[in-house]
>>> print(open('data.cif').read())   # mmCIF, C-alpha atoms
data_upload
#
loop_
_atom_site.label_atom_id
_atom_site.label_comp_id
_atom_site.auth_asym_id
_atom_site.auth_seq_id
_atom_site.Cartn_x
_atom_site.Cartn_y
_atom_site.Cartn_z
CA MET A 1 52.09 24.97 15.73
CA ALA A 2 53.35 23.40 12.53
CA GLU A 3 54.07 19.68 12.67
CA GLN A 4 57.72 18.77 13.16
CA LYS A 5 59.01 17.14 9.97
CA ARG A 6 61.09 14.00 10.06
CA ASP A 7 64.45 13.78 8.38
CA TYR A 8 63.95 12.87 4.71
CA TYR A 9 66.59 10.12 4.84
CA GLU A 10 64.84 8.65 7.87
CA VAL A 11 61.48 8.80 6.09
CA LEU A 12 62.82 6.71 3.19
CA GLY A 13 64.89 4.47 5.48
CA ILE A 14 68.15 5.08 3.62
CA ASP A 15 71.68 6.19 4.42
CA LYS A 16 72.78 9.78 3.71
CA ASN A 17 75.28 8.41 1.19
CA ALA A 18 72.61 6.47 -0.74
CA ASP A 19 72.82 6.77 -4.53
CA ASP A 20 69.94 7.60 -6.88
CA ALA A 21 69.04 3.94 -7.42
CA ALA A 22 68.74 3.30 -3.67
CA ILE A 23 66.58 6.42 -3.21
CA LYS A 24 64.26 5.40 -6.02
CA LYS A 25 63.99 1.81 -4.79
CA ALA A 26 63.20 2.89 -1.21
CA TYR A 27 60.52 5.31 -2.37
CA ARG A 28 58.91 2.81 -4.70
CA VAL A 29 58.43 0.35 -1.82
CA LEU A 30 56.84 2.99 0.42
CA ALA A 31 54.71 4.49 -2.35
CA LYS A 32 53.25 1.11 -3.21
CA LYS A 33 52.66 0.27 0.46
CA TYR A 34 50.92 3.53 1.42
CA HIS A 35 49.33 4.55 -1.89
CA PRO A 36 45.76 5.85 -1.25
CA ASP A 37 44.35 3.55 -3.92
CA MET A 38 45.73 0.61 -1.98
CA ASN A 39 44.50 2.01 1.35
CA PRO A 40 41.14 3.72 0.69
CA GLY A 41 39.92 5.79 3.63
CA ASP A 42 43.16 5.32 5.62
CA ALA A 43 44.24 8.82 6.64
CA ASP A 44 47.45 7.59 8.27
CA ALA A 45 48.53 5.76 5.10
CA GLU A 46 47.76 8.85 3.01
CA LYS A 47 49.88 10.99 5.35
CA LYS A 48 52.82 8.56 5.12
CA PHE A 49 52.47 8.46 1.36
CA LYS A 50 52.68 12.24 1.11
CA GLU A 51 55.61 12.28 3.53
CA ALA A 52 57.54 9.73 1.45
CA SER A 53 56.69 11.56 -1.80
CA GLU A 54 57.95 14.85 -0.40
CA ALA A 55 61.20 13.20 0.73
CA TYR A 56 61.68 11.62 -2.69
CA ALA A 57 60.98 14.87 -4.53
CA ILE A 58 63.80 16.57 -2.63
CA LEU A 59 66.38 13.77 -2.50
CA SER A 60 65.91 12.70 -6.13
CA ASP A 61 66.80 16.21 -7.32
CA PRO A 62 70.61 16.76 -7.07
CA GLU A 63 70.36 20.53 -6.44
CA LYS A 64 67.55 20.26 -3.88
CA ARG A 65 69.35 17.42 -2.16
CA ARG A 66 72.48 19.57 -1.91
CA GLN A 67 70.47 22.38 -0.35
CA TYR A 68 68.75 19.99 2.06
CA ASP A 69 72.06 18.42 3.12
CA GLN A 70 73.41 21.90 3.86
CA TYR A 71 70.42 23.66 5.45
CA GLY A 72 67.92 20.92 6.28
CA HIS A 73 64.19 21.69 6.10
CA ALA A 74 64.97 25.40 6.47
CA ALA A 75 66.16 25.41 2.86
CA PHE A 76 62.55 25.06 1.73
CA ASP A 77 60.67 27.16 4.30
CA GLY A 78 58.21 29.29 2.45
CA ALA A 79 58.41 27.02 -0.62
CA GLY A 80 56.12 24.19 -1.63
CA GLY A 81 56.88 22.26 1.53
CA ALA A 82 55.68 24.99 3.92
CA GLY A 83 52.56 24.42 5.91
CA GLY A 84 52.87 20.65 6.24
CA PHE A 85 52.66 17.80 3.73
CA GLY A 86 49.35 18.90 2.27
CA GLY A 87 50.85 21.90 0.55
CA PHE A 88 53.78 20.13 -1.09
CA ASP A 89 54.06 20.48 -4.87
CA PHE A 90 54.30 16.92 -6.20
CA ASN A 91 54.67 18.22 -9.75
CA SER A 92 58.16 19.45 -8.87
CA ALA A 93 59.58 15.94 -9.24
CA ASP A 94 59.39 13.28 -11.95
CA PHE A 95 57.21 10.46 -10.57
CA SER A 96 56.09 9.10 -13.95
CA ASP A 97 58.63 6.27 -14.12
CA ILE A 98 57.82 4.99 -10.64
CA PHE A 99 54.05 5.38 -10.84
CA GLY A 100 54.03 3.66 -14.22
CA ASP A 101 55.32 0.56 -12.40
CA ILE A 102 53.12 1.06 -9.32
CA PHE A 103 49.90 1.44 -11.27
CA GLY A 104 50.89 -1.58 -13.33
CA ASP A 105 51.11 -3.59 -10.09
CA ILE A 106 47.87 -2.15 -8.69
CA PHE A 107 45.72 -2.39 -11.79
CA GLY A 108 47.46 -5.31 -13.55
CA SER A 109 48.56 -3.22 -16.48
CA GLY A 110 51.30 -0.69 -17.24
CA ARG A 111 54.50 -1.75 -18.92
CA ARG A 112 53.80 -5.43 -18.43
CA SER A 113 51.02 -5.38 -21.05
CA ARG A 114 51.65 -7.26 -24.26
CA SER A 115 51.03 -6.30 -27.83
CA ASN A 116 49.67 -8.62 -30.48
CA GLY A 117 53.03 -8.95 -32.24
CA PRO A 118 54.87 -12.25 -32.81
CA MET A 119 55.96 -13.91 -29.58
CA LYS A 120 58.23 -16.86 -28.99
CA GLY A 121 56.63 -19.94 -27.44
CA SER A 122 57.36 -21.13 -23.91
CA ASN A 123 60.18 -23.55 -23.16
CA ILE A 124 59.43 -27.15 -22.18
CA ARG A 125 61.39 -28.94 -19.46
CA THR A 126 61.89 -32.68 -19.13
CA SER A 127 64.57 -35.01 -17.76
CA VAL A 128 66.58 -38.05 -18.78
CA ARG A 129 68.50 -40.56 -16.65
CA ILE A 130 71.98 -41.70 -17.61
CA THR A 131 74.76 -43.74 -16.00
CA PHE A 132 77.97 -42.41 -14.47
CA GLU A 133 80.00 -43.64 -17.44
CA GLU A 134 77.55 -42.11 -19.95
CA ALA A 135 77.99 -38.75 -18.25
CA VAL A 136 81.76 -39.08 -18.54
CA PHE A 137 81.91 -40.08 -22.20
CA GLY A 138 78.64 -38.70 -23.59
CA VAL A 139 75.72 -40.63 -25.05
CA GLU A 140 72.81 -40.41 -27.47
CA LYS A 141 69.40 -40.85 -25.81
CA GLU A 142 65.92 -41.05 -27.24
CA ILE A 143 63.09 -39.51 -25.22
CA GLU A 144 59.33 -39.46 -25.73
CA LEU A 145 57.10 -36.50 -24.91
CA MET A 146 53.93 -34.78 -26.02
CA LEU A 147 54.49 -31.84 -28.39
CA LYS A 148 52.09 -29.45 -30.07
CA ASP A 149 51.98 -29.30 -33.88
CA GLU A 150 50.04 -27.02 -36.16
CA CYS A 151 46.54 -28.32 -36.81
CA THR A 152 46.38 -29.67 -40.36
CA SER A 153 42.66 -28.87 -40.65
CA CYS A 154 42.80 -25.14 -39.90
CA HIS A 155 46.54 -24.63 -40.53
CA GLY A 156 46.97 -23.04 -37.13
CA THR A 157 44.23 -20.40 -37.42
CA GLY A 158 41.92 -22.12 -34.93
CA SER A 159 38.93 -21.37 -37.16
CA LYS A 160 36.61 -23.91 -38.75
CA PRO A 161 37.78 -24.78 -42.29
CA GLY A 162 36.27 -22.28 -44.71
CA THR A 163 36.18 -19.49 -42.11
CA SER A 164 38.76 -17.03 -40.78
CA PRO A 165 39.38 -15.26 -37.48
CA GLU A 166 37.76 -11.83 -37.26
CA THR A 167 39.30 -8.60 -36.05
CA CYS A 168 38.49 -8.03 -32.38
CA SER A 169 35.87 -5.32 -32.09
CA LYS A 170 36.86 -4.37 -28.54
CA CYS A 171 40.49 -3.43 -29.30
CA GLY A 172 40.24 -2.93 -33.07
CA GLY A 173 42.86 -5.62 -33.65
CA LYS A 174 45.53 -3.92 -31.51
CA GLY A 175 45.45 -6.53 -28.77
CA GLN A 176 45.34 -3.81 -26.11
CA VAL A 177 42.71 -1.58 -24.57
CA VAL A 178 43.20 1.78 -22.90
CA PHE A 179 41.33 2.81 -19.76
CA THR A 180 41.57 5.65 -17.30
CA GLN A 181 41.79 5.40 -13.54
CA GLN A 182 41.20 8.12 -10.97
CA SER A 183 44.08 8.17 -8.51
CA PHE A 184 45.50 10.41 -5.84
CA PHE A 185 47.38 12.27 -8.59
CA GLY A 186 44.36 12.68 -10.82
CA THR A 187 43.43 10.76 -13.97
CA VAL A 188 45.90 8.06 -14.96
CA ARG A 189 45.89 6.49 -18.43
CA ASN A 190 46.61 2.75 -18.42
CA VAL A 191 46.98 0.08 -21.09
CA GLN A 192 46.14 -3.59 -20.61
CA THR A 193 45.79 -6.74 -22.69
CA CYS A 194 42.41 -6.98 -24.39
CA PRO A 195 40.21 -9.38 -22.37
CA ASP A 196 38.24 -10.51 -25.44
CA CYS A 197 41.08 -11.56 -27.77
CA HIS A 198 43.76 -12.05 -25.08
CA GLY A 199 46.19 -9.85 -26.97
CA THR A 200 45.94 -11.60 -30.35
CA GLY A 201 43.78 -8.93 -31.99
CA LYS A 202 41.63 -11.68 -33.47
CA VAL A 203 38.41 -13.39 -32.34
CA ILE A 204 37.40 -16.88 -33.51
CA LYS A 205 33.63 -17.16 -34.07
CA ASP A 206 33.54 -20.73 -35.47
CA LYS A 207 36.20 -22.91 -33.85
CA CYS A 208 37.96 -25.74 -35.67
CA PRO A 209 36.43 -29.05 -34.45
CA ASP A 210 39.78 -30.85 -34.58
CA CYS A 211 41.84 -28.47 -32.43
CA ARG A 212 38.90 -26.76 -30.67
CA GLY A 213 40.11 -23.35 -31.69
CA THR A 214 43.65 -23.65 -30.35
CA GLY A 215 45.28 -24.08 -33.76
CA TYR A 216 47.40 -26.98 -32.48
CA ILE A 217 47.18 -30.75 -32.07
CA THR A 218 49.19 -32.58 -29.40
CA ASN A 219 51.14 -35.65 -30.55
CA LYS A 220 53.59 -38.04 -28.92
CA LYS A 221 57.04 -37.67 -30.45
CA LYS A 222 60.46 -39.28 -30.13
CA ILE A 223 63.40 -36.90 -29.95
CA GLU A 224 67.09 -37.70 -30.07
CA VAL A 225 69.12 -35.98 -27.36
CA SER A 226 72.87 -35.69 -27.80
CA ILE A 227 74.37 -35.57 -24.30
CA PRO A 228 77.94 -34.21 -24.35
CA ALA A 229 80.88 -35.86 -22.58
CA GLY A 230 81.56 -34.37 -19.15
CA ILE A 231 78.02 -33.29 -18.32
CA ASP A 232 77.21 -33.29 -14.61
CA ASN A 233 74.13 -34.14 -12.60
CA GLY A 234 71.45 -31.42 -12.83
CA GLN A 235 72.83 -29.74 -15.96
CA CYS A 236 70.58 -29.23 -18.98
CA VAL A 237 70.82 -29.86 -22.70
CA ARG A 238 68.97 -27.27 -24.80
CA ILE A 239 67.29 -28.38 -28.04
CA ARG A 240 66.23 -25.40 -30.11
CA ASP A 241 62.70 -25.01 -31.50
CA LYS A 242 61.27 -28.08 -29.75
CA GLY A 243 59.21 -26.20 -27.14
CA GLU A 244 55.71 -24.70 -27.23
CA PRO A 245 54.60 -23.07 -30.50
CA GLY A 246 54.86 -19.29 -30.72
CA THR A 247 51.90 -16.94 -31.11
CA ASN A 248 51.09 -14.62 -33.97
CA GLY A 249 53.82 -16.12 -36.12
CA GLY A 250 56.46 -16.21 -33.40
CA PRO A 251 59.07 -19.02 -33.23
CA ARG A 252 58.76 -22.11 -31.08
CA GLY A 253 60.35 -22.23 -27.66
CA ASP A 254 63.14 -24.62 -26.71
CA LEU A 255 63.24 -28.03 -25.06
CA LEU A 256 65.38 -28.14 -21.91
CA VAL A 257 66.45 -31.68 -20.96
CA GLU A 258 67.76 -31.98 -17.41
CA VAL A 259 70.31 -34.77 -16.98
CA VAL A 260 70.03 -37.03 -13.93
CA VAL A 261 73.25 -39.01 -13.41
CA GLY A 262 73.05 -42.30 -11.52
CA ARG A 263 75.39 -43.13 -8.64
CA HIS A 264 78.43 -45.33 -9.22
CA PRO A 265 79.28 -48.14 -6.75
CA ILE A 266 82.96 -47.16 -6.42
CA PHE A 267 83.50 -43.78 -8.11
CA GLN A 268 82.63 -40.34 -6.80
CA ARG A 269 82.87 -37.19 -8.86
CA GLN A 270 83.80 -33.62 -7.97
CA ASP A 271 83.90 -31.21 -10.90
CA GLU A 272 86.20 -32.92 -13.44
CA ASN A 273 87.98 -35.20 -10.98
CA ILE A 274 87.08 -38.76 -9.93
CA TYR A 275 87.76 -40.28 -6.51
CA SER A 276 87.84 -43.91 -5.35
CA THR A 277 89.27 -46.16 -2.63
CA VAL A 278 91.31 -49.29 -3.46
CA PRO A 279 92.35 -52.00 -0.95
CA MET A 280 95.84 -53.53 -0.87
CA SER A 281 97.26 -56.35 1.21
CA PHE A 282 99.65 -55.81 4.09
CA ALA A 283 102.32 -57.72 2.22
CA VAL A 284 102.05 -55.44 -0.82
CA ALA A 285 102.09 -52.35 1.40
CA ALA A 286 105.22 -53.60 3.21
CA LEU A 287 107.12 -55.21 0.35
CA GLY A 288 105.75 -53.30 -2.63
CA GLY A 289 104.14 -54.82 -5.68
CA GLU A 290 101.50 -54.36 -8.35
CA ILE A 291 97.79 -53.81 -7.74
CA VAL A 292 94.83 -53.41 -10.11
CA ILE A 293 92.90 -50.10 -10.05
CA ASP A 294 89.53 -49.69 -11.76
CA THR A 295 89.09 -46.48 -13.77
CA VAL A 296 86.43 -45.23 -16.18
CA ASP A 297 88.85 -46.21 -18.96
CA GLY A 298 89.21 -49.75 -17.65
CA LYS A 299 91.65 -51.51 -15.34
CA VAL A 300 95.17 -50.16 -14.89
CA ILE A 301 98.20 -51.69 -13.14
CA TYR A 302 99.78 -49.55 -10.43
CA ASP A 303 103.19 -50.25 -8.87
CA VAL A 304 103.04 -49.78 -5.09
CA LYS A 305 106.29 -48.77 -3.43
CA ALA A 306 107.59 -50.77 -0.49
CA GLY A 307 106.59 -49.31 2.88
CA THR A 308 103.48 -47.53 1.58
CA PRO A 309 101.24 -46.66 4.57
CA THR A 310 97.49 -46.96 4.58
CA ASP A 311 95.42 -43.97 3.32
CA THR A 312 98.13 -43.05 0.83
CA LYS A 313 96.65 -41.00 -2.02
CA VAL A 314 97.70 -41.59 -5.62
CA ARG A 315 96.98 -39.41 -8.65
CA LEU A 316 96.23 -40.91 -12.05
CA ARG A 317 96.60 -38.02 -14.46
CA GLY A 318 94.08 -37.66 -17.25
CA LYS A 319 91.81 -40.44 -15.98
CA GLY A 320 89.04 -38.09 -14.83
CA VAL A 321 86.09 -36.44 -16.59
CA PRO A 322 86.42 -34.53 -19.89
CA SER A 323 85.85 -30.78 -19.80
CA LEU A 324 82.58 -29.61 -21.34
CA ARG A 325 84.46 -26.73 -22.96
CA ASN A 326 87.23 -28.90 -24.39
CA LYS A 327 86.72 -32.65 -24.63
CA ASN A 328 90.45 -33.14 -25.12
CA VAL A 329 91.11 -31.85 -21.59
CA ARG A 330 90.36 -34.27 -18.75
CA GLY A 331 90.52 -34.17 -15.00
CA ASP A 332 92.41 -36.65 -12.82
CA HIS A 333 91.52 -39.77 -10.85
CA TYR A 334 92.54 -39.69 -7.18
CA VAL A 335 92.87 -43.08 -5.45
CA THR A 336 93.16 -43.71 -1.71
CA LEU A 337 95.13 -46.90 -0.96
CA VAL A 338 93.89 -48.67 2.16
CA VAL A 339 95.67 -51.64 3.79
CA GLN A 340 93.19 -54.47 4.04
CA VAL A 341 93.42 -56.34 7.36
CA PRO A 342 92.07 -59.93 7.06
CA ASP A 343 89.49 -60.94 9.67
CA LYS A 344 89.88 -64.69 9.05
CA LEU A 345 93.22 -66.51 9.02
CA SER A 346 94.21 -70.15 8.64
CA HIS A 347 96.35 -71.82 11.29
CA GLU A 348 99.40 -71.62 9.02
CA ALA A 349 98.81 -67.93 8.35
CA ARG A 350 98.49 -67.18 12.06
CA GLU A 351 101.78 -68.97 12.80
CA LEU A 352 103.52 -67.05 10.04
CA LEU A 353 102.21 -63.75 11.39
CA LYS A 354 103.39 -64.64 14.89
CA LYS A 355 106.82 -65.41 13.51
CA PHE A 356 106.77 -62.13 11.60
CA ASP A 357 105.82 -60.29 14.78
CA GLU A 358 108.68 -61.93 16.65
CA GLU A 359 111.07 -60.69 14.01
CA THR A 360 109.77 -57.07 13.93
CA GLY A 361 107.82 -56.64 17.16
CA ASP A 362 110.75 -55.28 19.16
CA THR A 363 110.45 -52.02 17.25
CA ILE A 364 106.65 -51.66 17.20
CA ASN A 365 105.20 -50.87 20.64
CA ALA A 366 105.61 -54.49 21.82
CA ALA A 367 103.85 -55.10 25.14
CA LYS A 368 105.83 -58.34 25.60
CA ASN A 369 108.86 -56.25 26.50
CA VAL A 370 107.17 -55.09 29.69
CA SER A 371 107.05 -57.55 32.61
CA SER A 372 103.92 -57.94 34.70
CA SER A 373 105.74 -56.40 37.67
CA GLY A 374 107.02 -53.45 35.65
CA SER A 375 106.32 -49.91 36.79
CA ALA A 376 103.88 -47.51 35.16
CA GLU A 377 106.81 -45.61 33.66
CA GLU A 378 108.22 -48.81 32.16
CA ALA A 379 104.86 -49.69 30.64
CA GLY A 380 104.45 -46.19 29.29
CA GLY A 381 101.12 -45.75 31.13
CA LYS A 382 99.27 -46.55 34.31
CA GLY A 383 100.44 -50.12 34.70
CA ARG A 384 100.07 -53.18 32.52
CA LYS A 385 96.40 -53.79 31.81
CA LYS A 386 94.51 -55.60 29.09
CA PHE A 387 91.63 -53.87 27.28
CA ARG A 388 89.00 -55.66 25.27
CA LYS A 389 86.22 -54.31 23.13
#
>>> encode(input="data.cif", output="structure tokens")
Amino acid sequence: MAEQKRDYYEVLGIDKNADDAAIKKAYRVLAKKYHPDMNPGDADAEKKFKEASEAYAILSDPEKRRQYDQYGHAAFDGAGGAGGFGGFDFNSADFSDIFGDIFGDIFGSGRRSRSNGPMKGSNIRTSVRITFEEAVFGVEKEIELMLKDECTSCHGTGSKPGTSPETCSKCGGKGQVVFTQQSFFGTVRNVQTCPDCHGTGKVIKDKCPDCRGTGYITNKKKIEVSIPAGIDNGQCVRIRDKGEPGTNGGPRGDLLVEVVVGRHPIFQRQDENIYSTVPMSFAVAALGGEIVIDTVDGKVIYDVKAGTPTDTKVRLRGKGVPSLRNKNVRGDHYVTLVVQVPDKLSHEARELLKKFDEETGDTINAAKNVSSSGSAEEAGGKGRKKFRK
């Protein structure tokens, strides 16, 4: 009896409404997992690989998928799929794109191989510390780091003065070698970076004694970094052409300077806004008056209205952080006003406060208005009790 075939969508682990990209992605994962070259001698893996390939061949073809959705496996009875997975015609579908990637992963080659053309150098990352105020207004900083420069002895060739690099005999100066690999699908042609010249196409016989064949000398250099106003912690400043040298005549990479902003004792930042807390006396809160508020622009005088409660929030427009996109646009500074309660009072101050309480206490939850023999209802609770911390 012929083996019962599983649903193709179930085989690939996808929904029946999956698009072409989802079908291809699902098959690529399974093909790489169960490929015979990755599982030599594993009959179960080979069977699953064929099963997944058959499912992909049908579902990746719009017409065959339409037939399968309408008639199921019966649509292909007597065709390539009859008689189990072994008889399926894998040439009926285009697997070249997927297997080009898979063989590249398996054999370390494929599309990821490099030619010996000009290539840009790698980027270099470093960091610089600045203050809160420097981040707000911008600053010029000087940093020191080790950078590679062209060797003055060999002028970047890496060869001993008087000699020149020779064309690589293994790749003929192409920087790549071609090899064939026997796979489940037959002979596969692959391309990889030449192991002798490492993709440069050139081999150095006599190395320069100063740079040891690298073509570069490392020197300590000082670089000026212009940090723009409004930059935030963790953001980077890019300096072009200050990274690693390129290869085969390629340009240098870039220098990426990460900015580390120090904490401020009273200011906190969120995006382009600044937040702080400012104390005010009880008298100022009750009667109104002027207080001094520190901002990144300096001290400002703020007029507090009479009867201002604690935790009142005030907005100082345009006293925040400049926008990186437009330095003429700034955020705001939000201040929380907190009534400062003194913990130490002179005898005179205590007497004045008692007198003040006598004048206003009748309207502010005054316990003195409840007698010791008063009821719980009169006291507004469960009797008149004293609580201490």
>>> closest_residue(input="data.cif", among="A:Val284, A:Val225, A:Val237, A:Val136", to="A:Val321", atoms="all atoms listed in the file")
A:Val136
>>> axis_aligned_box(input="data.cif", around="stretch 176-181 of chain A", padding_each_side="5 Å", output="JSON")
{"center_x": 43.3, "center_y": 0.9, "center_z": -19.8, "size_x": 14.0, "size_y": 19.5, "size_z": 22.6}
>>> resolve_selection(input="data.cif", expression="the PyMOL selection byres ((chain A and resi 165-176) around 8)", output="compact mmCIF listing (two decimals) with C-alpha atoms, in the coordinates of the input")
# COMPACT_ATOMS: atom_id res chain seq x y z
CA SER A 113 51.02 -5.38 -21.05
CA ARG A 114 51.65 -7.26 -24.26
CA SER A 115 51.03 -6.30 -27.83
CA ASN A 116 49.67 -8.62 -30.48
CA THR A 157 44.23 -20.40 -37.42
CA GLY A 158 41.92 -22.12 -34.93
CA SER A 159 38.93 -21.37 -37.16
CA THR A 163 36.18 -19.49 -42.11
CA SER A 164 38.76 -17.03 -40.78
CA VAL A 177 42.71 -1.58 -24.57
CA VAL A 178 43.20 1.78 -22.90
CA VAL A 191 46.98 0.08 -21.09
CA GLN A 192 46.14 -3.59 -20.61
CA THR A 193 45.79 -6.74 -22.69
CA CYS A 194 42.41 -6.98 -24.39
CA ASP A 196 38.24 -10.51 -25.44
CA CYS A 197 41.08 -11.56 -27.77
CA HIS A 198 43.76 -12.05 -25.08
CA GLY A 199 46.19 -9.85 -26.97
CA THR A 200 45.94 -11.60 -30.35
CA GLY A 201 43.78 -8.93 -31.99
CA LYS A 202 41.63 -11.68 -33.47
CA VAL A 203 38.41 -13.39 -32.34
CA ILE A 204 37.40 -16.88 -33.51
CA LYS A 205 33.63 -17.16 -34.07
>>> resolve_selection(input="data.cif", expression="the PyMOL selection byres ((chain A and resi 292) around 9)", output="PyMOL selection string")
chain A and resi 278+290-291+293-294+299-302
>>> atom_distance(input="data.cif", atom1="atom CA of A:Asp44", atom2="atom CA of A:Lys25")
21.9 Å
>>> residues_around(input="data.cif", residues="A:Ser153", least_positions_apart="6", cutoff="8 Å", atoms="only C-alpha atoms", output="PyMOL selection string")
chain A and resi 161+208+210
>>> write_last_selection(input="data.cif", atoms="C-alpha atoms", output="PDB file, in the frame of the given file")
ATOM      1  CA  PRO A 161      37.780 -24.780 -42.290  1.00  0.00           C
ATOM      2  CA  CYS A 208      37.960 -25.740 -35.670  1.00  0.00           C
ATOM      3  CA  ASP A 210      39.780 -30.850 -34.580  1.00  0.00           C
TER       4      ASP A 210
END
>>> atom_distance(input="data.cif", atom1="atom CA of A:Gly249", atom2="atom CA of A:Met119")
7.2 Å
>>> resolve_selection(input="data.cif", expression="the PyMOL selection byres ((chain A and resi 334) around 7)", output="JSON, numbers by chain")
{"A": [274, 275, 276, 313, 314, 315, 316, 332, 333, 335, 336]}
>>> residues_around(input="data.cif", residues="stretch 2-15 of chain A", least_positions_apart="2", cutoff="12 Å", atoms="all atoms listed in the file", output="PyMOL selection string")
chain A and resi 17-31+47-60+64-65+68-69+71-74+76-77+81-86
>>> write_last_selection(input="data.cif", atoms="C-alpha atoms", output="PDB file, keeping the file's coordinate frame")
ATOM      1  CA  ASN A  17      75.280   8.410   1.190  1.00  0.00           C
ATOM      2  CA  ALA A  18      72.610   6.470  -0.740  1.00  0.00           C
ATOM      3  CA  ASP A  19      72.820   6.770  -4.530  1.00  0.00           C
ATOM      4  CA  ASP A  20      69.940   7.600  -6.880  1.00  0.00           C
ATOM      5  CA  ALA A  21      69.040   3.940  -7.420  1.00  0.00           C
ATOM      6  CA  ALA A  22      68.740   3.300  -3.670  1.00  0.00           C
ATOM      7  CA  ILE A  23      66.580   6.420  -3.210  1.00  0.00           C
ATOM      8  CA  LYS A  24      64.260   5.400  -6.020  1.00  0.00           C
ATOM      9  CA  LYS A  25      63.990   1.810  -4.790  1.00  0.00           C
ATOM     10  CA  ALA A  26      63.200   2.890  -1.210  1.00  0.00           C
ATOM     11  CA  TYR A  27      60.520   5.310  -2.370  1.00  0.00           C
ATOM     12  CA  ARG A  28      58.910   2.810  -4.700  1.00  0.00           C
ATOM     13  CA  VAL A  29      58.430   0.350  -1.820  1.00  0.00           C
ATOM     14  CA  LEU A  30      56.840   2.990   0.420  1.00  0.00           C
ATOM     15  CA  ALA A  31      54.710   4.490  -2.350  1.00  0.00           C
ATOM     16  CA  LYS A  47      49.880  10.990   5.350  1.00  0.00           C
ATOM     17  CA  LYS A  48      52.820   8.560   5.120  1.00  0.00           C
ATOM     18  CA  PHE A  49      52.470   8.460   1.360  1.00  0.00           C
ATOM     19  CA  LYS A  50      52.680  12.240   1.110  1.00  0.00           C
ATOM     20  CA  GLU A  51      55.610  12.280   3.530  1.00  0.00           C
ATOM     21  CA  ALA A  52      57.540   9.730   1.450  1.00  0.00           C
ATOM     22  CA  SER A  53      56.690  11.560  -1.800  1.00  0.00           C
ATOM     23  CA  GLU A  54      57.950  14.850  -0.400  1.00  0.00           C
ATOM     24  CA  ALA A  55      61.200  13.200   0.730  1.00  0.00           C
ATOM     25  CA  TYR A  56      61.680  11.620  -2.690  1.00  0.00           C
ATOM     26  CA  ALA A  57      60.980  14.870  -4.530  1.00  0.00           C
ATOM     27  CA  ILE A  58      63.800  16.570  -2.630  1.00  0.00           C
ATOM     28  CA  LEU A  59      66.380  13.770  -2.500  1.00  0.00           C
ATOM     29  CA  SER A  60      65.910  12.700  -6.130  1.00  0.00           C
ATOM     30  CA  LYS A  64      67.550  20.260  -3.880  1.00  0.00           C
ATOM     31  CA  ARG A  65      69.350  17.420  -2.160  1.00  0.00           C
ATOM     32  CA  TYR A  68      68.750  19.990   2.060  1.00  0.00           C
ATOM     33  CA  ASP A  69      72.060  18.420   3.120  1.00  0.00           C
ATOM     34  CA  TYR A  71      70.420  23.660   5.450  1.00  0.00           C
ATOM     35  CA  GLY A  72      67.920  20.920   6.280  1.00  0.00           C
ATOM     36  CA  HIS A  73      64.190  21.690   6.100  1.00  0.00           C
ATOM     37  CA  ALA A  74      64.970  25.400   6.470  1.00  0.00           C
ATOM     38  CA  PHE A  76      62.550  25.060   1.730  1.00  0.00           C
ATOM     39  CA  ASP A  77      60.670  27.160   4.300  1.00  0.00           C
ATOM     40  CA  GLY A  81      56.880  22.260   1.530  1.00  0.00           C
ATOM     41  CA  ALA A  82      55.680  24.990   3.920  1.00  0.00           C
ATOM     42  CA  GLY A  83      52.560  24.420   5.910  1.00  0.00           C
ATOM     43  CA  GLY A  84      52.870  20.650   6.240  1.00  0.00           C
ATOM     44  CA  PHE A  85      52.660  17.800   3.730  1.00  0.00           C
ATOM     45  CA  GLY A  86      49.350  18.900   2.270  1.00  0.00           C
TER      46      GLY A  86
END
>>> closest_residue(input="data.cif", among="A:Val338, A:Met146, A:Cys151, A:Val329", to="A:Pro279", atoms="only C-alpha atoms")
A:Val338
>>> atom_distance(input="data.cif", atom1="atom CA of A:Lys221", atom2="atom CA of A:Lys148")
9.6 Å
